[in-house]
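Undergrad: What follows is the file run-v7.cif, containing mmCIF, N, CA and C atoms:
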```cif
data_input
#
loop_
_atom_site.label_atom_id
_atom_site.label_comp_id
_atom_site.auth_asym_id
_atom_site.auth_seq_id
_atom_site.Cartn_x
_atom_site.Cartn_y
_atom_site.Cartn_z
N MET F 1 -3.09 9.76 15.99
CA MET F 1 -1.91 9.50 16.80
C MET F 1 -1.42 10.81 17.41
N ASP F 2 -0.79 10.71 18.54
CA ASP F 2 -0.19 11.90 19.12
C ASP F 2 1.17 12.14 18.46
N ARG F 3 1.83 13.23 18.84
CA ARG F 3 3.09 13.60 18.20
C ARG F 3 4.18 12.53 18.37
N ALA F 4 4.28 11.94 19.54
CA ALA F 4 5.30 10.93 19.78
C ALA F 4 5.07 9.69 18.92
N ALA F 5 3.83 9.24 18.85
CA ALA F 5 3.50 8.07 18.02
C ALA F 5 3.74 8.38 16.54
N THR F 6 3.40 9.59 16.13
CA THR F 6 3.64 10.00 14.74
C THR F 6 5.13 10.01 14.43
N ALA F 7 5.94 10.54 15.34
CA ALA F 7 7.39 10.57 15.15
C ALA F 7 7.95 9.15 15.05
N ASP F 8 7.46 8.25 15.89
CA ASP F 8 7.91 6.85 15.83
C ASP F 8 7.56 6.21 14.49
N ARG F 9 6.35 6.46 14.03
CA ARG F 9 5.91 5.89 12.75
C ARG F 9 6.77 6.43 11.60
N LEU F 10 7.04 7.73 11.60
CA LEU F 10 7.88 8.32 10.55
C LEU F 10 9.30 7.74 10.58
N ALA F 11 9.83 7.50 11.77
CA ALA F 11 11.15 6.89 11.88
C ALA F 11 11.14 5.48 11.29
N THR F 12 10.07 4.74 11.52
CA THR F 12 9.93 3.40 10.93
C THR F 12 9.92 3.49 9.41
N TYR F 13 9.17 4.45 8.87
CA TYR F 13 9.12 4.62 7.42
C TYR F 13 10.49 4.97 6.86
N ARG F 14 11.23 5.83 7.54
CA ARG F 14 12.59 6.20 7.08
C ARG F 14 13.52 4.99 7.09
N ARG F 15 13.45 4.18 8.15
CA ARG F 15 14.29 2.98 8.21
C ARG F 15 13.97 2.03 7.05
N HIS F 16 12.69 1.91 6.73
CA HIS F 16 12.30 1.04 5.61
C HIS F 16 12.96 1.53 4.32
N TRP F 17 12.91 2.83 4.05
CA TRP F 17 13.56 3.39 2.87
C TRP F 17 15.06 3.05 2.88
N ASP F 18 15.71 3.26 4.04
CA ASP F 18 17.14 3.00 4.14
C ASP F 18 17.48 1.53 3.90
N GLU F 19 16.65 0.63 4.41
CA GLU F 19 16.92 -0.80 4.30
C GLU F 19 16.57 -1.39 2.94
N HIS F 20 15.52 -0.88 2.30
CA HIS F 20 15.00 -1.52 1.09
C HIS F 20 15.12 -0.69 -0.19
N GLY F 21 15.34 0.61 -0.06
CA GLY F 21 15.43 1.46 -1.25
C GLY F 21 14.08 1.83 -1.84
N PHE F 22 13.01 1.56 -1.11
CA PHE F 22 11.66 1.96 -1.50
C PHE F 22 10.84 2.12 -0.25
N GLY F 23 9.68 2.78 -0.40
CA GLY F 23 8.83 3.00 0.76
C GLY F 23 7.55 3.72 0.40
N LEU F 24 7.09 4.54 1.31
CA LEU F 24 5.82 5.24 1.16
C LEU F 24 6.03 6.68 0.72
N TYR F 25 5.07 7.17 -0.06
CA TYR F 25 5.05 8.55 -0.56
C TYR F 25 3.82 9.25 -0.02
N GLY F 26 3.95 10.52 0.28
CA GLY F 26 2.78 11.31 0.63
C GLY F 26 1.94 11.56 -0.62
N VAL F 27 0.63 11.56 -0.46
CA VAL F 27 -0.29 11.92 -1.54
C VAL F 27 -0.79 13.32 -1.25
N GLU F 28 -0.48 14.21 -2.16
CA GLU F 28 -0.79 15.63 -1.97
C GLU F 28 -1.82 16.08 -3.00
N ILE F 29 -2.74 16.92 -2.58
CA ILE F 29 -3.71 17.51 -3.50
C ILE F 29 -3.01 18.63 -4.27
N ARG F 30 -2.94 18.51 -5.59
CA ARG F 30 -2.19 19.46 -6.41
C ARG F 30 -2.62 20.91 -6.19
N GLU F 31 -3.92 21.12 -6.18
CA GLU F 31 -4.43 22.50 -6.13
C GLU F 31 -4.19 23.20 -4.80
N THR F 32 -4.15 22.43 -3.72
CA THR F 32 -4.08 23.06 -2.40
C THR F 32 -2.83 22.72 -1.60
N GLY F 33 -2.13 21.67 -1.99
CA GLY F 33 -0.97 21.22 -1.23
C GLY F 33 -1.33 20.42 0.01
N GLU F 34 -2.63 20.13 0.20
CA GLU F 34 -3.05 19.35 1.37
C GLU F 34 -2.49 17.93 1.29
N LEU F 35 -2.11 17.40 2.45
CA LEU F 35 -1.70 16.01 2.54
C LEU F 35 -2.96 15.17 2.67
N ALA F 36 -3.20 14.30 1.68
CA ALA F 36 -4.41 13.47 1.67
C ALA F 36 -4.18 12.08 2.27
N GLY F 37 -2.93 11.65 2.32
CA GLY F 37 -2.63 10.31 2.82
C GLY F 37 -1.31 9.84 2.26
N PHE F 38 -1.20 8.53 2.01
CA PHE F 38 0.03 7.99 1.44
C PHE F 38 -0.26 6.82 0.52
N THR F 39 0.70 6.52 -0.33
CA THR F 39 0.73 5.31 -1.13
C THR F 39 2.19 4.91 -1.25
N GLY F 40 2.43 3.68 -1.63
CA GLY F 40 3.81 3.27 -1.83
C GLY F 40 4.02 1.80 -1.61
N LEU F 41 5.27 1.44 -1.37
CA LEU F 41 5.69 0.05 -1.28
C LEU F 41 6.20 -0.27 0.12
N ALA F 42 5.89 -1.47 0.57
CA ALA F 42 6.33 -1.93 1.88
C ALA F 42 6.52 -3.44 1.84
N THR F 43 7.15 -3.96 2.86
CA THR F 43 7.28 -5.40 3.00
C THR F 43 6.21 -5.87 3.98
N PRO F 44 5.29 -6.72 3.54
CA PRO F 44 4.16 -7.12 4.38
C PRO F 44 4.50 -8.25 5.35
N THR F 45 5.39 -7.97 6.27
CA THR F 45 5.82 -8.99 7.23
C THR F 45 4.70 -9.44 8.15
N PHE F 46 3.61 -8.65 8.21
CA PHE F 46 2.46 -9.03 9.04
C PHE F 46 1.72 -10.24 8.48
N LEU F 47 2.06 -10.64 7.25
CA LEU F 47 1.45 -11.81 6.61
C LEU F 47 2.56 -12.76 6.16
N PRO F 48 3.18 -13.47 7.11
CA PRO F 48 4.38 -14.27 6.82
C PRO F 48 4.22 -15.29 5.70
N GLU F 49 3.01 -15.82 5.50
CA GLU F 49 2.83 -16.87 4.50
C GLU F 49 3.10 -16.41 3.07
N ILE F 50 3.11 -15.09 2.81
CA ILE F 50 3.37 -14.62 1.45
C ILE F 50 4.78 -14.08 1.27
N MET F 51 5.55 -14.09 2.33
CA MET F 51 6.91 -13.56 2.24
C MET F 51 7.82 -14.54 1.51
N PRO F 52 8.83 -14.08 0.77
CA PRO F 52 9.16 -12.68 0.56
C PRO F 52 8.20 -12.04 -0.45
N ALA F 53 7.87 -10.79 -0.20
CA ALA F 53 6.96 -10.06 -1.08
C ALA F 53 7.14 -8.57 -0.87
N VAL F 54 6.68 -7.82 -1.85
CA VAL F 54 6.60 -6.36 -1.74
C VAL F 54 5.15 -5.99 -2.00
N GLU F 55 4.61 -5.20 -1.09
CA GLU F 55 3.20 -4.80 -1.16
C GLU F 55 3.07 -3.37 -1.62
N ILE F 56 2.11 -3.13 -2.50
CA ILE F 56 1.70 -1.76 -2.80
C ILE F 56 0.45 -1.49 -1.98
N GLY F 57 0.43 -0.35 -1.34
CA GLY F 57 -0.70 -0.02 -0.49
C GLY F 57 -0.97 1.47 -0.46
N TRP F 58 -2.06 1.86 0.16
CA TRP F 58 -2.47 3.25 0.24
C TRP F 58 -3.39 3.43 1.42
N ARG F 59 -3.39 4.65 1.92
CA ARG F 59 -4.35 5.07 2.94
C ARG F 59 -4.61 6.54 2.70
N LEU F 60 -5.87 6.87 2.64
CA LEU F 60 -6.27 8.26 2.46
C LEU F 60 -7.22 8.66 3.58
N GLY F 61 -7.17 9.93 3.95
CA GLY F 61 -8.14 10.44 4.90
C GLY F 61 -9.54 10.35 4.31
N ARG F 62 -10.52 10.12 5.14
CA ARG F 62 -11.90 9.92 4.69
C ARG F 62 -12.39 11.05 3.77
N ALA F 63 -11.97 12.26 4.02
CA ALA F 63 -12.40 13.40 3.19
C ALA F 63 -11.95 13.27 1.74
N TYR F 64 -10.98 12.39 1.48
CA TYR F 64 -10.42 12.25 0.13
C TYR F 64 -10.87 10.98 -0.57
N TRP F 65 -11.74 10.21 0.06
CA TRP F 65 -12.23 8.98 -0.56
C TRP F 65 -13.14 9.31 -1.74
N GLY F 66 -13.18 8.38 -2.71
CA GLY F 66 -14.13 8.48 -3.82
C GLY F 66 -13.74 9.46 -4.91
N ARG F 67 -12.54 9.95 -4.91
CA ARG F 67 -12.08 10.91 -5.93
C ARG F 67 -11.13 10.31 -6.95
N GLY F 68 -10.80 9.03 -6.79
CA GLY F 68 -9.85 8.39 -7.69
C GLY F 68 -8.39 8.65 -7.32
N LEU F 69 -8.15 9.25 -6.17
CA LEU F 69 -6.78 9.57 -5.76
C LEU F 69 -5.94 8.33 -5.50
N ALA F 70 -6.52 7.34 -4.85
CA ALA F 70 -5.75 6.11 -4.56
C ALA F 70 -5.33 5.44 -5.87
N THR F 71 -6.24 5.37 -6.83
CA THR F 71 -5.91 4.74 -8.11
C THR F 71 -4.82 5.53 -8.83
N GLU F 72 -4.97 6.85 -8.89
CA GLU F 72 -3.98 7.69 -9.58
C GLU F 72 -2.60 7.54 -8.93
N ALA F 73 -2.56 7.62 -7.61
CA ALA F 73 -1.28 7.54 -6.91
C ALA F 73 -0.66 6.15 -7.05
N ALA F 74 -1.47 5.11 -6.91
CA ALA F 74 -0.95 3.75 -7.02
C ALA F 74 -0.45 3.46 -8.44
N ARG F 75 -1.14 3.97 -9.44
CA ARG F 75 -0.66 3.78 -10.83
C ARG F 75 0.71 4.43 -11.01
N ALA F 76 0.91 5.59 -10.40
CA ALA F 76 2.22 6.25 -10.49
C ALA F 76 3.30 5.42 -9.81
N VAL F 77 2.97 4.79 -8.68
CA VAL F 77 3.94 3.94 -7.99
C VAL F 77 4.26 2.71 -8.83
N VAL F 78 3.25 2.10 -9.44
CA VAL F 78 3.50 0.93 -10.30
C VAL F 78 4.40 1.33 -11.48
N ALA F 79 4.12 2.46 -12.11
CA ALA F 79 4.93 2.90 -13.24
C ALA F 79 6.38 3.15 -12.80
N TYR F 80 6.56 3.80 -11.68
CA TYR F 80 7.91 4.04 -11.17
C TYR F 80 8.61 2.72 -10.84
N THR F 81 7.90 1.81 -10.23
CA THR F 81 8.48 0.52 -9.85
C THR F 81 8.95 -0.22 -11.09
N ARG F 82 8.13 -0.24 -12.13
CA ARG F 82 8.51 -0.91 -13.38
C ARG F 82 9.76 -0.27 -14.00
N ALA F 83 9.85 1.05 -13.95
CA ALA F 83 10.93 1.76 -14.60
C ALA F 83 12.23 1.78 -13.79
N ALA F 84 12.13 1.77 -12.47
CA ALA F 84 13.32 2.09 -11.69
C ALA F 84 13.74 1.05 -10.65
N LEU F 85 12.89 0.08 -10.36
CA LEU F 85 13.23 -0.87 -9.30
C LEU F 85 13.35 -2.29 -9.86
N PRO F 86 14.19 -3.11 -9.28
CA PRO F 86 14.40 -4.47 -9.78
C PRO F 86 13.38 -5.47 -9.25
N LEU F 87 12.13 -5.05 -9.17
CA LEU F 87 11.08 -5.94 -8.66
C LEU F 87 10.35 -6.58 -9.83
N ARG F 88 9.90 -7.79 -9.65
CA ARG F 88 9.20 -8.52 -10.70
C ARG F 88 7.73 -8.75 -10.38
N ARG F 89 7.33 -8.45 -9.12
CA ARG F 89 5.97 -8.77 -8.68
C ARG F 89 5.58 -7.86 -7.54
N LEU F 90 4.31 -7.52 -7.48
CA LEU F 90 3.74 -6.78 -6.35
C LEU F 90 2.52 -7.51 -5.84
N VAL F 91 2.28 -7.39 -4.56
CA VAL F 91 1.05 -7.88 -3.96
C VAL F 91 0.34 -6.70 -3.32
N SER F 92 -0.92 -6.90 -3.01
CA SER F 92 -1.69 -5.92 -2.23
C SER F 92 -2.65 -6.71 -1.35
N ILE F 93 -2.83 -6.25 -0.13
CA ILE F 93 -3.64 -6.96 0.84
C ILE F 93 -4.98 -6.25 1.00
N HIS F 94 -6.04 -6.97 0.68
CA HIS F 94 -7.40 -6.44 0.77
C HIS F 94 -8.03 -6.95 2.05
N VAL F 95 -8.32 -6.05 2.96
CA VAL F 95 -9.06 -6.42 4.16
C VAL F 95 -10.51 -6.59 3.74
N VAL F 96 -11.05 -7.79 3.93
CA VAL F 96 -12.42 -8.08 3.51
C VAL F 96 -13.37 -7.05 4.13
N GLY F 97 -14.19 -6.47 3.28
CA GLY F 97 -15.11 -5.42 3.70
C GLY F 97 -14.74 -4.06 3.12
N ASN F 98 -13.48 -3.89 2.76
CA ASN F 98 -13.04 -2.63 2.16
C ASN F 98 -13.05 -2.80 0.64
N GLU F 99 -14.24 -2.79 0.08
CA GLU F 99 -14.39 -3.08 -1.35
C GLU F 99 -13.81 -1.99 -2.24
N ALA F 100 -13.78 -0.75 -1.77
CA ALA F 100 -13.18 0.33 -2.57
C ALA F 100 -11.71 0.04 -2.82
N SER F 101 -11.02 -0.44 -1.81
CA SER F 101 -9.61 -0.77 -1.96
C SER F 101 -9.42 -1.93 -2.94
N ALA F 102 -10.29 -2.92 -2.87
CA ALA F 102 -10.21 -4.05 -3.80
C ALA F 102 -10.42 -3.57 -5.24
N ARG F 103 -11.30 -2.60 -5.44
CA ARG F 103 -11.51 -2.06 -6.80
C ARG F 103 -10.25 -1.39 -7.33
N VAL F 104 -9.52 -0.71 -6.46
CA VAL F 104 -8.25 -0.10 -6.88
C VAL F 104 -7.29 -1.21 -7.33
N MET F 105 -7.21 -2.28 -6.60
CA MET F 105 -6.32 -3.40 -6.96
C MET F 105 -6.65 -3.93 -8.35
N VAL F 106 -7.92 -4.11 -8.61
CA VAL F 106 -8.35 -4.61 -9.93
C VAL F 106 -8.01 -3.58 -11.02
N LYS F 107 -8.23 -2.30 -10.75
CA LYS F 107 -7.89 -1.25 -11.73
C LYS F 107 -6.40 -1.23 -12.05
N LEU F 108 -5.58 -1.62 -11.07
CA LEU F 108 -4.13 -1.67 -11.30
C LEU F 108 -3.73 -2.88 -12.14
N GLY F 109 -4.66 -3.81 -12.36
CA GLY F 109 -4.36 -5.02 -13.12
C GLY F 109 -4.00 -6.20 -12.24
N MET F 110 -4.30 -6.11 -10.96
CA MET F 110 -4.00 -7.20 -10.03
C MET F 110 -5.12 -8.24 -10.08
N SER F 111 -4.76 -9.47 -9.73
CA SER F 111 -5.72 -10.57 -9.69
C SER F 111 -5.70 -11.20 -8.30
N LEU F 112 -6.84 -11.72 -7.90
CA LEU F 112 -6.95 -12.40 -6.63
C LEU F 112 -6.08 -13.65 -6.65
N GLU F 113 -5.21 -13.76 -5.65
CA GLU F 113 -4.31 -14.90 -5.56
C GLU F 113 -4.72 -15.88 -4.48
N ARG F 114 -5.16 -15.37 -3.33
CA ARG F 114 -5.56 -16.26 -2.24
C ARG F 114 -6.36 -15.51 -1.20
N GLU F 115 -7.10 -16.26 -0.41
CA GLU F 115 -7.79 -15.74 0.76
C GLU F 115 -7.15 -16.36 1.97
N THR F 116 -6.99 -15.58 3.03
CA THR F 116 -6.34 -16.08 4.22
C THR F 116 -6.76 -15.23 5.42
N VAL F 117 -6.11 -15.47 6.54
CA VAL F 117 -6.38 -14.73 7.77
C VAL F 117 -5.08 -14.09 8.23
N GLN F 118 -5.15 -12.83 8.58
CA GLN F 118 -3.99 -12.13 9.10
C GLN F 118 -3.73 -12.63 10.52
N PRO F 119 -2.56 -13.25 10.77
CA PRO F 119 -2.35 -13.92 12.06
C PRO F 119 -2.44 -13.02 13.29
N ASP F 120 -1.96 -11.80 13.21
CA ASP F 120 -1.92 -10.95 14.40
C ASP F 120 -3.26 -10.32 14.75
N THR F 121 -4.20 -10.28 13.78
CA THR F 121 -5.49 -9.64 14.04
C THR F 121 -6.68 -10.58 13.89
N GLY F 122 -6.48 -11.69 13.17
CA GLY F 122 -7.59 -12.59 12.88
C GLY F 122 -8.51 -12.10 11.78
N ARG F 123 -8.13 -10.98 11.12
CA ARG F 123 -8.97 -10.44 10.05
C ARG F 123 -8.86 -11.29 8.78
N GLN F 124 -10.01 -11.42 8.11
CA GLN F 124 -10.03 -12.06 6.80
C GLN F 124 -9.41 -11.10 5.79
N VAL F 125 -8.46 -11.60 5.01
CA VAL F 125 -7.83 -10.78 3.98
C VAL F 125 -7.74 -11.57 2.67
N ARG F 126 -7.66 -10.83 1.60
CA ARG F 126 -7.44 -11.40 0.28
C ARG F 126 -6.14 -10.81 -0.26
N VAL F 127 -5.34 -11.66 -0.85
CA VAL F 127 -4.07 -11.23 -1.42
C VAL F 127 -4.25 -11.13 -2.93
N TYR F 128 -4.03 -9.92 -3.44
CA TYR F 128 -4.02 -9.69 -4.88
C TYR F 128 -2.57 -9.59 -5.33
N ALA F 129 -2.28 -9.93 -6.59
CA ALA F 129 -0.91 -9.90 -7.07
C ALA F 129 -0.87 -9.53 -8.54
N MET F 130 0.29 -9.04 -8.94
CA MET F 130 0.54 -8.74 -10.36
C MET F 130 2.02 -8.90 -10.66
N ASP F 131 2.31 -9.39 -11.87
CA ASP F 131 3.68 -9.42 -12.36
C ASP F 131 3.97 -8.07 -12.98
N LEU F 132 5.21 -7.66 -12.89
CA LEU F 132 5.61 -6.36 -13.45
C LEU F 132 6.32 -6.52 -14.77
#
```
When written as structure tokens, how does the structure in this file appear?

TA:
Amino acid sequence: MDRAATADRLATYRRHWDEHGFGLYGVEIRETGELAGFTGLATPTFLPEIMPAVEIGWRLGRAYWGRGLATEAARAVVAYTRAALPLRRLVSIHVVGNEASARVMVKLGMSLERETVQPDTGRQVRVYAMDL
């Protein structure tokens, strides 16, 4: 994204925090301070059939894949959510074909709840869920 698009996206993330009291966290490499991506909580309004819901998700730069960072970061978010937020359930959306992401969901203790299609993109997705 260019600078303007990045600024818009960050403003959206800030509004989400203000409205819901939770949001996305940067994932940083401890040894170097590099920003590897993000993990955190969001409202998956792009999939209306599962609303109301809170989604745990992550995105890492390709250079950081395969190191266990998504699992480590997501486990920290689940632990924080259990300790500090009044949520009883989390979902995660698996885009069919991204099997590494699905493995993270299973490692978190999530179970497949349903298969569906994301209305705005037509992509096949699987919804995983867990009680807290």

Undergrad: Grab the atom CA of Thr12 of chain F to atom CA of Arg114 of chain F distance for me, in Å with one decimal place.

TA: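 Separation between atom CA of Thr12 of chain F and atom CA of Arg114 of chain F: 28.3 Å.
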
Undergrad: Provide the atom C of Ala63 of chain F to atom CA of Thr6 of chain F distance in Å, to one decimal place.

TA: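 Pair atom C of Ala63 of chain F / atom CA of Thr6 of chain F returns 20.6 Å.
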
Undergrad: For Ala70 of chain F, which residue out of F:Leu47, F:Val104, F:Ala53, F:Leu87 is the nearest one, using only C-alpha atoms?

TA: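 Closest to Ala70 of chain F, using only C-alpha atoms: F:Val104.
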
Undergrad: Determine the residue membership of the PyMOL selection byres ((chain F and resi 128) around 6.5) for the file above and supply it as a PyMOL selection string.

TA: chain F and resi 90-94+110-114+126-127+129-130

Undergrad: Atom N of Tyr25 of chain F to atom N of Tyr13 of chain F: how many Å, to one decimal?

TA: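 Those two atoms sit 10.2 Å apart.
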
Undergrad: With only N, CA and C atoms as the atoms that count, which of F:Val77, F:Glu49, F:Gly23, F:Leu60 lies nearest to Leu35 of chain F?

TA: F:Leu60

Undergrad: List every protein, DNA or RNA residue that has at least one atom no more than 8 Å from (-1.6, 7.4, -7.3) in the file's coordinates, counting all atoms listed in the file, and write the result as an NGL selection string.

TA: :F and (27 or 38-40 or 68-78)

Undergrad: Could those residues be written to a file, using N, CA and C atoms, as a CSV table (one decimal), in the frame of the given file?

TA:
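Result written to result-v4.csv:
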```csv
chain,number,residue,atom,x,y,z
F,27,VAL,N,0.6,11.6,-0.5
F,27,VAL,CA,-0.3,11.9,-1.5
F,27,VAL,C,-0.8,13.3,-1.2
F,38,PHE,N,-1.2,8.5,2.0
F,38,PHE,CA,0.0,8.0,1.4
F,38,PHE,C,-0.3,6.8,0.5
F,39,THR,N,0.7,6.5,-0.3
F,39,THR,CA,0.7,5.3,-1.1
F,39,THR,C,2.2,4.9,-1.2
F,40,GLY,N,2.4,3.7,-1.6
F,40,GLY,CA,3.8,3.3,-1.8
F,40,GLY,C,4.0,1.8,-1.6
F,68,GLY,N,-10.8,9.0,-6.8
F,68,GLY,CA,-9.8,8.4,-7.7
F,68,GLY,C,-8.4,8.6,-7.3
F,69,LEU,N,-8.2,9.2,-6.2
F,69,LEU,CA,-6.8,9.6,-5.8
F,69,LEU,C,-5.9,8.3,-5.5
F,70,ALA,N,-6.5,7.3,-4.8
F,70,ALA,CA,-5.8,6.1,-4.6
F,70,ALA,C,-5.3,5.4,-5.9
F,71,THR,N,-6.2,5.4,-6.8
F,71,THR,CA,-5.9,4.7,-8.1
F,71,THR,C,-4.8,5.5,-8.8
F,72,GLU,N,-5.0,6.8,-8.9
F,72,GLU,CA,-4.0,7.7,-9.6
F,72,GLU,C,-2.6,7.5,-8.9
F,73,ALA,N,-2.6,7.6,-7.6
F,73,ALA,CA,-1.3,7.5,-6.9
F,73,ALA,C,-0.7,6.2,-7.0
F,74,ALA,N,-1.5,5.1,-6.9
F,74,ALA,CA,-1.0,3.8,-7.0
F,74,ALA,C,-0.4,3.5,-8.4
F,75,ARG,N,-1.1,4.0,-9.4
F,75,ARG,CA,-0.7,3.8,-10.8
F,75,ARG,C,0.7,4.4,-11.0
F,76,ALA,N,0.9,5.6,-10.4
F,76,ALA,CA,2.2,6.2,-10.5
F,76,ALA,C,3.3,5.4,-9.8
F,77,VAL,N,3.0,4.8,-8.7
F,77,VAL,CA,3.9,3.9,-8.0
F,77,VAL,C,4.3,2.7,-8.8
F,78,VAL,N,3.2,2.1,-9.4
F,78,VAL,CA,3.5,0.9,-10.3
F,78,VAL,C,4.4,1.3,-11.5
```
